Structure formats: structure tokens, C-alpha cells
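Trainee: Next up, data-v5.pdb (PDB, N, CA and C atoms and all ligand atoms).
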```
ATOM      1  N   MET A  27      22.530  11.251  -6.727  1.00  0.00           N
ATOM      2  CA  MET A  27      22.119  10.326  -7.772  1.00  0.00           C
ATOM      3  C   MET A  27      21.489  11.110  -8.913  1.00  0.00           C
ATOM      4  N   ARG A  28      21.710  10.596 -10.111  1.00  0.00           N
ATOM      5  CA  ARG A  28      21.073  11.186 -11.286  1.00  0.00           C
ATOM      6  C   ARG A  28      20.253  10.125 -11.988  1.00  0.00           C
ATOM      7  N   THR A  29      19.257  10.572 -12.716  1.00  0.00           N
ATOM      8  CA  THR A  29      18.490   9.645 -13.533  1.00  0.00           C
ATOM      9  C   THR A  29      18.379  10.204 -14.940  1.00  0.00           C
ATOM     10  N   VAL A  30      18.422   9.296 -15.892  1.00  0.00           N
ATOM     11  CA  VAL A  30      18.303   9.652 -17.308  1.00  0.00           C
ATOM     12  C   VAL A  30      17.263   8.733 -17.924  1.00  0.00           C
ATOM     13  N   VAL A  31      16.410   9.314 -18.739  1.00  0.00           N
ATOM     14  CA  VAL A  31      15.441   8.498 -19.466  1.00  0.00           C
ATOM     15  C   VAL A  31      15.963   8.273 -20.886  1.00  0.00           C
ATOM     16  N   ASP A  32      16.080   7.025 -21.262  1.00  0.00           N
ATOM     17  CA  ASP A  32      16.514   6.671 -22.613  1.00  0.00           C
ATOM     18  C   ASP A  32      15.334   6.911 -23.559  1.00  0.00           C
ATOM     19  N   LEU A  33      15.424   7.998 -24.292  1.00  0.00           N
ATOM     20  CA  LEU A  33      14.288   8.389 -25.141  1.00  0.00           C
ATOM     21  C   LEU A  33      14.121   7.479 -26.346  1.00  0.00           C
ATOM     22  N   THR A  34      15.123   6.654 -26.629  1.00  0.00           N
ATOM     23  CA  THR A  34      14.945   5.693 -27.720  1.00  0.00           C
ATOM     24  C   THR A  34      14.098   4.508 -27.252  1.00  0.00           C
ATOM     25  N   ARG A  35      13.941   4.368 -25.934  1.00  0.00           N
ATOM     26  CA  ARG A  35      13.121   3.279 -25.386  1.00  0.00           C
ATOM     27  C   ARG A  35      11.777   3.755 -24.872  1.00  0.00           C
ATOM     28  N   CYS A  36      11.729   4.940 -24.285  1.00  0.00           N
ATOM     29  CA  CYS A  36      10.509   5.418 -23.626  1.00  0.00           C
ATOM     30  C   CYS A  36       9.322   5.401 -24.575  1.00  0.00           C
ATOM     31  N   GLN A  37       8.230   4.818 -24.093  1.00  0.00           N
ATOM     32  CA  GLN A  37       6.998   4.736 -24.875  1.00  0.00           C
ATOM     33  C   GLN A  37       5.874   5.541 -24.229  1.00  0.00           C
ATOM     34  N   GLY A  38       6.201   6.310 -23.219  1.00  0.00           N
ATOM     35  CA  GLY A  38       5.203   7.174 -22.587  1.00  0.00           C
ATOM     36  C   GLY A  38       4.235   6.452 -21.669  1.00  0.00           C
ATOM     37  N   TYR A  39       4.661   5.370 -21.055  1.00  0.00           N
ATOM     38  CA  TYR A  39       3.765   4.629 -20.159  1.00  0.00           C
ATOM     39  C   TYR A  39       3.428   5.401 -18.882  1.00  0.00           C
ATOM     40  N   ALA A  40       4.302   6.334 -18.498  1.00  0.00           N
ATOM     41  CA  ALA A  40       4.053   7.273 -17.390  1.00  0.00           C
ATOM     42  C   ALA A  40       4.019   6.636 -16.009  1.00  0.00           C
ATOM     43  N   GLN A  41       4.500   5.416 -15.869  1.00  0.00           N
ATOM     44  CA  GLN A  41       4.618   4.833 -14.532  1.00  0.00           C
ATOM     45  C   GLN A  41       5.570   5.676 -13.683  1.00  0.00           C
ATOM     46  N   CYS A  42       6.588   6.202 -14.325  1.00  0.00           N
ATOM     47  CA  CYS A  42       7.559   7.034 -13.613  1.00  0.00           C
ATOM     48  C   CYS A  42       6.908   8.304 -13.070  1.00  0.00           C
ATOM     49  N   VAL A  43       6.047   8.914 -13.848  1.00  0.00           N
ATOM     50  CA  VAL A  43       5.378  10.144 -13.418  1.00  0.00           C
ATOM     51  C   VAL A  43       4.440   9.843 -12.252  1.00  0.00           C
ATOM     52  N   PHE A  44       3.805   8.690 -12.296  1.00  0.00           N
ATOM     53  CA  PHE A  44       2.897   8.294 -11.225  1.00  0.00           C
ATOM     54  C   PHE A  44       3.659   8.036  -9.924  1.00  0.00           C
ATOM     55  N   LEU A  45       4.816   7.375 -10.030  1.00  0.00           N
ATOM     56  CA  LEU A  45       5.555   6.971  -8.832  1.00  0.00           C
ATOM     57  C   LEU A  45       6.463   8.073  -8.288  1.00  0.00           C
ATOM     58  N   ALA A  46       6.969   8.917  -9.149  1.00  0.00           N
ATOM     59  CA  ALA A  46       7.890   9.968  -8.695  1.00  0.00           C
ATOM     60  C   ALA A  46       7.595  11.279  -9.434  1.00  0.00           C
ATOM     61  N   PRO A  47       6.448  11.874  -9.163  1.00  0.00           N
ATOM     62  CA  PRO A  47       6.043  13.068  -9.914  1.00  0.00           C
ATOM     63  C   PRO A  47       6.928  14.285  -9.678  1.00  0.00           C
ATOM     64  N   GLU A  48       7.694  14.264  -8.594  1.00  0.00           N
ATOM     65  CA  GLU A  48       8.574  15.414  -8.356  1.00  0.00           C
ATOM     66  C   GLU A  48       9.852  15.327  -9.187  1.00  0.00           C
ATOM     67  N   VAL A  49      10.090  14.173  -9.791  1.00  0.00           N
ATOM     68  CA  VAL A  49      11.307  13.980 -10.576  1.00  0.00           C
ATOM     69  C   VAL A  49      10.999  13.879 -12.064  1.00  0.00           C
ATOM     70  N   PHE A  50       9.996  13.091 -12.407  1.00  0.00           N
ATOM     71  CA  PHE A  50       9.691  12.846 -13.814  1.00  0.00           C
ATOM     72  C   PHE A  50       8.485  13.662 -14.253  1.00  0.00           C
ATOM     73  N   GLU A  51       8.539  14.099 -15.477  1.00  0.00           N
ATOM     74  CA  GLU A  51       7.466  14.945 -15.994  1.00  0.00           C
ATOM     75  C   GLU A  51       7.324  14.675 -17.489  1.00  0.00           C
ATOM     76  N   LEU A  52       6.116  14.435 -17.913  1.00  0.00           N
ATOM     77  CA  LEU A  52       5.858  14.309 -19.353  1.00  0.00           C
ATOM     78  C   LEU A  52       5.808  15.709 -19.939  1.00  0.00           C
ATOM     79  N   HIS A  53       6.440  15.867 -21.069  1.00  0.00           N
ATOM     80  CA  HIS A  53       6.385  17.189 -21.699  1.00  0.00           C
ATOM     81  C   HIS A  53       6.593  17.043 -23.203  1.00  0.00           C
ATOM     82  N   GLY A  54       6.237  18.081 -23.908  1.00  0.00           N
ATOM     83  CA  GLY A  54       6.451  18.099 -25.350  1.00  0.00           C
ATOM     84  C   GLY A  54       5.389  17.325 -26.098  1.00  0.00           C
ATOM     85  N   GLU A  55       5.369  17.523 -27.376  1.00  0.00           N
ATOM     86  CA  GLU A  55       4.348  16.901 -28.224  1.00  0.00           C
ATOM     87  C   GLU A  55       4.449  15.387 -28.208  1.00  0.00           C
ATOM     88  N   GLU A  56       5.660  14.870 -27.997  1.00  0.00           N
ATOM     89  CA  GLU A  56       5.839  13.420 -28.030  1.00  0.00           C
ATOM     90  C   GLU A  56       5.697  12.799 -26.648  1.00  0.00           C
ATOM     91  N   GLY A  57       5.434  13.597 -25.625  1.00  0.00           N
ATOM     92  CA  GLY A  57       5.222  13.068 -24.294  1.00  0.00           C
ATOM     93  C   GLY A  57       6.440  12.429 -23.680  1.00  0.00           C
ATOM     94  N   LEU A  58       7.594  12.956 -23.970  1.00  0.00           N
ATOM     95  CA  LEU A  58       8.821  12.354 -23.475  1.00  0.00           C
ATOM     96  C   LEU A  58       9.263  13.005 -22.171  1.00  0.00           C
ATOM     97  N   LEU A  59      10.384  12.572 -21.666  1.00  0.00           N
ATOM     98  CA  LEU A  59      10.860  12.964 -20.348  1.00  0.00           C
ATOM     99  C   LEU A  59      12.246  13.561 -20.443  1.00  0.00           C
ATOM    100  N   TYR A  60      12.659  14.184 -19.363  1.00  0.00           N
ATOM    101  CA  TYR A  60      14.023  14.688 -19.329  1.00  0.00           C
ATOM    102  C   TYR A  60      14.755  14.144 -18.111  1.00  0.00           C
ATOM    103  N   ALA A  61      16.058  14.291 -18.168  1.00  0.00           N
ATOM    104  CA  ALA A  61      16.910  13.779 -17.093  1.00  0.00           C
ATOM    105  C   ALA A  61      17.117  14.844 -16.044  1.00  0.00           C
ATOM    106  N   THR A  62      17.398  14.391 -14.823  1.00  0.00           N
ATOM    107  CA  THR A  62      17.568  15.354 -13.751  1.00  0.00           C
ATOM    108  C   THR A  62      18.369  14.748 -12.611  1.00  0.00           C
ATOM    109  N   ALA A  63      18.833  15.622 -11.738  1.00  0.00           N
ATOM    110  CA  ALA A  63      19.413  15.167 -10.480  1.00  0.00           C
ATOM    111  C   ALA A  63      18.272  14.737  -9.564  1.00  0.00           C
ATOM    112  N   VAL A  64      18.546  13.745  -8.726  1.00  0.00           N
ATOM    113  CA  VAL A  64      17.508  13.205  -7.850  1.00  0.00           C
ATOM    114  C   VAL A  64      17.781  13.651  -6.414  1.00  0.00           C
ATOM    115  N   PRO A  65      16.873  14.412  -5.801  1.00  0.00           N
ATOM    116  CA  PRO A  65      17.042  14.765  -4.390  1.00  0.00           C
ATOM    117  C   PRO A  65      17.070  13.508  -3.525  1.00  0.00           C
ATOM    118  N   ASP A  66      17.797  13.572  -2.420  1.00  0.00           N
ATOM    119  CA  ASP A  66      17.954  12.390  -1.560  1.00  0.00           C
ATOM    120  C   ASP A  66      16.614  11.794  -1.133  1.00  0.00           C
ATOM    121  N   ASP A  67      15.632  12.641  -0.889  1.00  0.00           N
ATOM    122  CA  ASP A  67      14.347  12.117  -0.417  1.00  0.00           C
ATOM    123  C   ASP A  67      13.498  11.519  -1.533  1.00  0.00           C
ATOM    124  N   GLN A  68      14.020  11.541  -2.759  1.00  0.00           N
ATOM    125  CA  GLN A  68      13.282  10.974  -3.889  1.00  0.00           C
ATOM    126  C   GLN A  68      13.942   9.713  -4.449  1.00  0.00           C
ATOM    127  N   VAL A  69      15.076   9.333  -3.875  1.00  0.00           N
ATOM    128  CA  VAL A  69      15.848   8.220  -4.435  1.00  0.00           C
ATOM    129  C   VAL A  69      15.034   6.933  -4.478  1.00  0.00           C
ATOM    130  N   GLU A  70      14.360   6.606  -3.382  1.00  0.00           N
ATOM    131  CA  GLU A  70      13.605   5.352  -3.357  1.00  0.00           C
ATOM    132  C   GLU A  70      12.470   5.375  -4.379  1.00  0.00           C
ATOM    133  N   ARG A  71      11.820   6.509  -4.516  1.00  0.00           N
ATOM    134  CA  ARG A  71      10.737   6.621  -5.503  1.00  0.00           C
ATOM    135  C   ARG A  71      11.277   6.442  -6.919  1.00  0.00           C
ATOM    136  N   VAL A  72      12.439   6.990  -7.178  1.00  0.00           N
ATOM    137  CA  VAL A  72      13.030   6.858  -8.520  1.00  0.00           C
ATOM    138  C   VAL A  72      13.435   5.411  -8.788  1.00  0.00           C
ATOM    139  N   ARG A  73      13.937   4.734  -7.747  1.00  0.00           N
ATOM    140  CA  ARG A  73      14.256   3.309  -7.921  1.00  0.00           C
ATOM    141  C   ARG A  73      12.990   2.514  -8.239  1.00  0.00           C
ATOM    142  N   GLN A  74      11.903   2.827  -7.559  1.00  0.00           N
ATOM    143  CA  GLN A  74      10.641   2.138  -7.829  1.00  0.00           C
ATOM    144  C   GLN A  74      10.170   2.433  -9.252  1.00  0.00           C
ATOM    145  N   ALA A  75      10.329   3.676  -9.680  1.00  0.00           N
ATOM    146  CA  ALA A  75       9.915   4.050 -11.032  1.00  0.00           C
ATOM    147  C   ALA A  75      10.731   3.297 -12.074  1.00  0.00           C
ATOM    148  N   ALA A  76      12.045   3.191 -11.835  1.00  0.00           N
ATOM    149  CA  ALA A  76      12.903   2.473 -12.774  1.00  0.00           C
ATOM    150  C   ALA A  76      12.483   1.008 -12.866  1.00  0.00           C
ATOM    151  N   ALA A  77      12.131   0.427 -11.729  1.00  0.00           N
ATOM    152  CA  ALA A  77      11.708  -0.981 -11.718  1.00  0.00           C
ATOM    153  C   ALA A  77      10.357  -1.153 -12.393  1.00  0.00           C
ATOM    154  N   ALA A  78       9.527  -0.119 -12.343  1.00  0.00           N
ATOM    155  CA  ALA A  78       8.163  -0.227 -12.870  1.00  0.00           C
ATOM    156  C   ALA A  78       8.069   0.088 -14.360  1.00  0.00           C
ATOM    157  N   CYS A  79       9.060   0.747 -14.912  1.00  0.00           N
ATOM    158  CA  CYS A  79       8.982   1.111 -16.336  1.00  0.00           C
ATOM    159  C   CYS A  79       8.938  -0.160 -17.184  1.00  0.00           C
ATOM    160  N   PRO A  80       7.890  -0.334 -17.993  1.00  0.00           N
ATOM    161  CA  PRO A  80       7.727  -1.574 -18.750  1.00  0.00           C
ATOM    162  C   PRO A  80       8.821  -1.811 -19.786  1.00  0.00           C
ATOM    163  N   VAL A  81       9.501  -0.758 -20.211  1.00  0.00           N
ATOM    164  CA  VAL A  81      10.521  -0.920 -21.259  1.00  0.00           C
ATOM    165  C   VAL A  81      11.933  -0.609 -20.747  1.00  0.00           C
ATOM    166  N   GLN A  82      12.083  -0.560 -19.432  1.00  0.00           N
ATOM    167  CA  GLN A  82      13.398  -0.323 -18.805  1.00  0.00           C
ATOM    168  C   GLN A  82      14.108   0.894 -19.416  1.00  0.00           C
ATOM    169  N   ALA A  83      13.375   1.990 -19.519  1.00  0.00           N
ATOM    170  CA  ALA A  83      13.948   3.195 -20.129  1.00  0.00           C
ATOM    171  C   ALA A  83      14.637   4.096 -19.120  1.00  0.00           C
ATOM    172  N   ILE A  84      14.450   3.834 -17.813  1.00  0.00           N
ATOM    173  CA  ILE A  84      14.992   4.728 -16.798  1.00  0.00           C
ATOM    174  C   ILE A  84      16.336   4.203 -16.316  1.00  0.00           C
ATOM    175  N   LEU A  85      17.336   5.025 -16.488  1.00  0.00           N
ATOM    176  CA  LEU A  85      18.693   4.663 -16.093  1.00  0.00           C
ATOM    177  C   LEU A  85      19.065   5.448 -14.844  1.00  0.00           C
ATOM    178  N   LEU A  86      19.779   4.802 -13.939  1.00  0.00           N
ATOM    179  CA  LEU A  86      20.198   5.433 -12.691  1.00  0.00           C
ATOM    180  C   LEU A  86      21.715   5.501 -12.650  1.00  0.00           C
ATOM    181  N   GLY A  87      22.230   6.552 -12.073  1.00  0.00           N
ATOM    182  CA  GLY A  87      23.671   6.663 -11.949  1.00  0.00           C
ATOM    183  C   GLY A  87      24.048   7.525 -10.768  1.00  0.00           C
ATOM    184  N   GLU A  88      25.234   7.288 -10.260  1.00  0.00           N
ATOM    185  CA  GLU A  88      25.731   8.114  -9.176  1.00  0.00           C
ATOM    186  C   GLU A  88      26.303   9.391  -9.763  1.00  0.00           C
ATOM    187  N   GLU A  89      26.288  10.446  -8.984  1.00  0.00           N
ATOM    188  CA  GLU A  89      26.836  11.719  -9.457  1.00  0.00           C
ATOM    189  C   GLU A  89      28.348  11.690  -9.363  1.00  0.00           C
TER
HETATM  190 FE1  LIG A 101       8.667   6.346 -20.430  1.00  0.00          FE
HETATM  191 FE2  LIG A 101       8.960   4.312 -18.845  1.00  0.00          FE
HETATM  192 FE3  LIG A 101       8.223   6.590 -17.870  1.00  0.00          FE
HETATM  193  S1  LIG A 101       8.111   4.258 -20.864  1.00  0.00           S
HETATM  194  S2  LIG A 101       7.069   7.584 -19.491  1.00  0.00           S
HETATM  195  S3  LIG A 101      10.178   6.159 -18.832  1.00  0.00           S
HETATM  196  S4  LIG A 101       7.482   4.602 -17.252  1.00  0.00           S
END
```
Can you give me the file's structure in the form of C-alpha cells?
Mentor:
Amino acid sequence: MRTVVDLTRCQGYAQCVFLAPEVFELHGEEGLLYATAVPDDQVERVRQAAAACPVQAILLGEE
């Protein structure tokens, strides 16, 4: 599974970083995120993060 953060939506709420810190990371001056492959043991956490993002900026996809 892969996850991508839609940077046109992300407002830096950081729920994703709280719920899945091994996958999501705030970085840069604007506090934005980057996309990454999701290890199998992190899939459920990433799903929770996607559900928790207030602006639905986290997109999930199969590899
Ligand atoms: Fe951005 Fe949503 Fe995370 S707004 S910082 S992708 S919780």
C-alpha cells in the first residue's frame, strides 16, 4: 500500500503524525508531508490517520 498527502489540502493538523509517526512526518518551512510506501504493519495506523485528517488530505492506494 502507498499513501500520498494532497498538499493542496493539507493544513498541518498533524493527526497523521500522531497516529502513524513511522509513516508521516512534518517537514519543511510549511510543515507539509511527503508520500511513502506503507509497511504492512503500519497499514491500519495509516487508515486511522486518513480517517482522522480533518481535511481528508490523505489518499490511500494499492501498489
Ligand atoms: Fe495534513 Fe491532515 Fe496530516 S491536514 S498534517 S495530512 S492530519
Trainee: List every residue of chain A that DSSP, applied to the backbone of this structure, assigns to strand (DSSP E or B), and report them as a PyMOL selection string.
Mentor: chain A and resi 28-31+53+58+62-63+84-87
Trainee: Just want the residues within 6 Å of ligand LIG 101 (chain A), written as a PyMOL selection string, counting all atoms listed in the file.
Mentor: chain A and resi 31+35-43+78-84
Trainee: Run DSSP on the backbone of this structure and report the residues of region 29-83 of chain A it assigns to alpha helix (DSSP H), as a list of chain:residue names.
Mentor: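 Matching residues, listed in order: A:Gln41, A:Cys42, A:Val43, A:Phe44, A:Leu45, A:Val69, A:Glu70, A:Arg71, A:Val72, A:Arg73, A:Gln74, A:Ala75, A:Ala76, A:Ala77, A:Ala78.
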Trainee: Please evaluate the PyMOL selection byres (((chain A and resi 46) around 8) and not hetatm) against the displayed coordinates and give the resulting residues as a PyMOL selection string.
Mentor: chain A and resi 40-45+47-51+68+70-72+74-75
Trainee: Residues within 8 Å of (21.4, 7.8, -9.5), file coordinates, counting all atoms listed in the file: what are they? Give the list as JSON, numbers by chain.
Mentor: {"A": [27, 28, 29, 30, 63, 64, 69, 85, 86, 87, 88, 89]}
Trainee: Could you add whatever atoms are missing so that region 33-44 of chain A carries all heavy atoms, then write the result as an mmCIF file, in the coordinates of the input?
Mentor:
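After the write, part_16.cif holds the following:
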```
data_model
loop_
_atom_site.group_PDB
_atom_site.id
_atom_site.type_symbol
_atom_site.label_atom_id
_atom_site.label_comp_id
_atom_site.auth_asym_id
_atom_site.auth_seq_id
_atom_site.Cartn_x
_atom_site.Cartn_y
_atom_site.Cartn_z
ATOM 1 N N LEU A 33 15.424 7.998 -24.292
ATOM 2 C CA LEU A 33 14.288 8.389 -25.141
ATOM 3 C C LEU A 33 14.121 7.479 -26.346
ATOM 4 O O LEU A 33 13.097 7.534 -27.020
ATOM 5 C CB LEU A 33 14.458 9.846 -25.576
ATOM 6 C CG LEU A 33 14.478 10.850 -24.419
ATOM 7 C CD1 LEU A 33 14.606 12.259 -24.967
ATOM 8 C CD2 LEU A 33 13.226 10.727 -23.562
ATOM 9 N N THR A 34 15.123 6.654 -26.629
ATOM 10 C CA THR A 34 14.945 5.693 -27.720
ATOM 11 C C THR A 34 14.098 4.508 -27.252
ATOM 12 O O THR A 34 13.621 3.730 -28.072
ATOM 13 C CB THR A 34 16.295 5.177 -28.247
ATOM 14 O OG1 THR A 34 16.943 4.403 -27.230
ATOM 15 C CG2 THR A 34 17.187 6.334 -28.668
ATOM 16 N N ARG A 35 13.941 4.368 -25.934
ATOM 17 C CA ARG A 35 13.121 3.279 -25.386
ATOM 18 C C ARG A 35 11.777 3.755 -24.872
ATOM 19 O O ARG A 35 10.786 3.015 -24.935
ATOM 20 C CB ARG A 35 13.847 2.613 -24.214
ATOM 21 C CG ARG A 35 15.002 1.738 -24.608
ATOM 22 C CD ARG A 35 15.667 1.198 -23.350
ATOM 23 N NE ARG A 35 16.640 0.199 -23.652
ATOM 24 C CZ ARG A 35 16.488 -1.101 -23.364
ATOM 25 N NH1 ARG A 35 15.419 -1.527 -22.766
ATOM 26 N NH2 ARG A 35 17.424 -1.967 -23.674
ATOM 27 N N CYS A 36 11.729 4.940 -24.285
ATOM 28 C CA CYS A 36 10.509 5.418 -23.626
ATOM 29 C C CYS A 36 9.322 5.401 -24.575
ATOM 30 O O CYS A 36 9.399 5.888 -25.702
ATOM 31 C CB CYS A 36 10.734 6.841 -23.107
ATOM 32 S SG CYS A 36 9.231 7.560 -22.395
ATOM 33 N N GLN A 37 8.230 4.818 -24.093
ATOM 34 C CA GLN A 37 6.998 4.736 -24.875
ATOM 35 C C GLN A 37 5.874 5.541 -24.229
ATOM 36 O O GLN A 37 4.711 5.422 -24.628
ATOM 37 C CB GLN A 37 6.557 3.274 -25.005
ATOM 38 C CG GLN A 37 7.571 2.381 -25.676
ATOM 39 C CD GLN A 37 7.758 2.719 -27.140
ATOM 40 O OE1 GLN A 37 6.779 2.907 -27.862
ATOM 41 N NE2 GLN A 37 9.002 2.820 -27.582
ATOM 42 N N GLY A 38 6.201 6.310 -23.219
ATOM 43 C CA GLY A 38 5.203 7.174 -22.587
ATOM 44 C C GLY A 38 4.235 6.452 -21.669
ATOM 45 O O GLY A 38 3.110 6.902 -21.472
ATOM 46 N N TYR A 39 4.661 5.370 -21.055
ATOM 47 C CA TYR A 39 3.765 4.629 -20.159
ATOM 48 C C TYR A 39 3.428 5.401 -18.882
ATOM 49 O O TYR A 39 2.453 5.106 -18.206
ATOM 50 C CB TYR A 39 4.373 3.277 -19.784
ATOM 51 C CG TYR A 39 4.323 2.284 -20.906
ATOM 52 C CD1 TYR A 39 5.481 1.942 -21.599
ATOM 53 C CD2 TYR A 39 3.128 1.703 -21.283
ATOM 54 C CE1 TYR A 39 5.440 1.038 -22.640
ATOM 55 C CE2 TYR A 39 3.079 0.794 -22.322
ATOM 56 C CZ TYR A 39 4.233 0.467 -23.000
ATOM 57 O OH TYR A 39 4.191 -0.428 -24.031
ATOM 58 N N ALA A 40 4.302 6.334 -18.498
ATOM 59 C CA ALA A 40 4.053 7.273 -17.390
ATOM 60 C C ALA A 40 4.019 6.636 -16.009
ATOM 61 O O ALA A 40 3.579 7.268 -15.057
ATOM 62 C CB ALA A 40 2.777 8.080 -17.633
ATOM 63 N N GLN A 41 4.500 5.416 -15.869
ATOM 64 C CA GLN A 41 4.618 4.833 -14.532
ATOM 65 C C GLN A 41 5.570 5.676 -13.683
ATOM 66 O O GLN A 41 5.380 5.840 -12.472
ATOM 67 C CB GLN A 41 5.141 3.399 -14.620
ATOM 68 C CG GLN A 41 4.187 2.442 -15.281
ATOM 69 C CD GLN A 41 2.872 2.366 -14.549
ATOM 70 O OE1 GLN A 41 2.833 2.152 -13.340
ATOM 71 N NE2 GLN A 41 1.781 2.568 -15.260
ATOM 72 N N CYS A 42 6.588 6.202 -14.325
ATOM 73 C CA CYS A 42 7.559 7.034 -13.613
ATOM 74 C C CYS A 42 6.908 8.304 -13.070
ATOM 75 O O CYS A 42 7.196 8.721 -11.950
ATOM 76 C CB CYS A 42 8.713 7.383 -14.555
ATOM 77 S SG CYS A 42 8.159 8.097 -16.108
ATOM 78 N N VAL A 43 6.047 8.914 -13.848
ATOM 79 C CA VAL A 43 5.378 10.144 -13.418
ATOM 80 C C VAL A 43 4.440 9.843 -12.252
ATOM 81 O O VAL A 43 4.321 10.625 -11.312
ATOM 82 C CB VAL A 43 4.601 10.764 -14.598
ATOM 83 C CG1 VAL A 43 3.914 12.048 -14.171
ATOM 84 C CG2 VAL A 43 5.540 11.031 -15.763
ATOM 85 N N PHE A 44 3.805 8.690 -12.296
ATOM 86 C CA PHE A 44 2.897 8.294 -11.225
ATOM 87 C C PHE A 44 3.659 8.036 -9.924
ATOM 88 O O PHE A 44 3.235 8.464 -8.849
ATOM 89 C CB PHE A 44 2.130 7.038 -11.653
ATOM 90 C CG PHE A 44 1.209 6.507 -10.598
ATOM 91 C CD1 PHE A 44 0.030 7.161 -10.284
ATOM 92 C CD2 PHE A 44 1.527 5.344 -9.906
ATOM 93 C CE1 PHE A 44 -0.819 6.672 -9.300
ATOM 94 C CE2 PHE A 44 0.686 4.848 -8.925
ATOM 95 C CZ PHE A 44 -0.487 5.513 -8.616
#
```
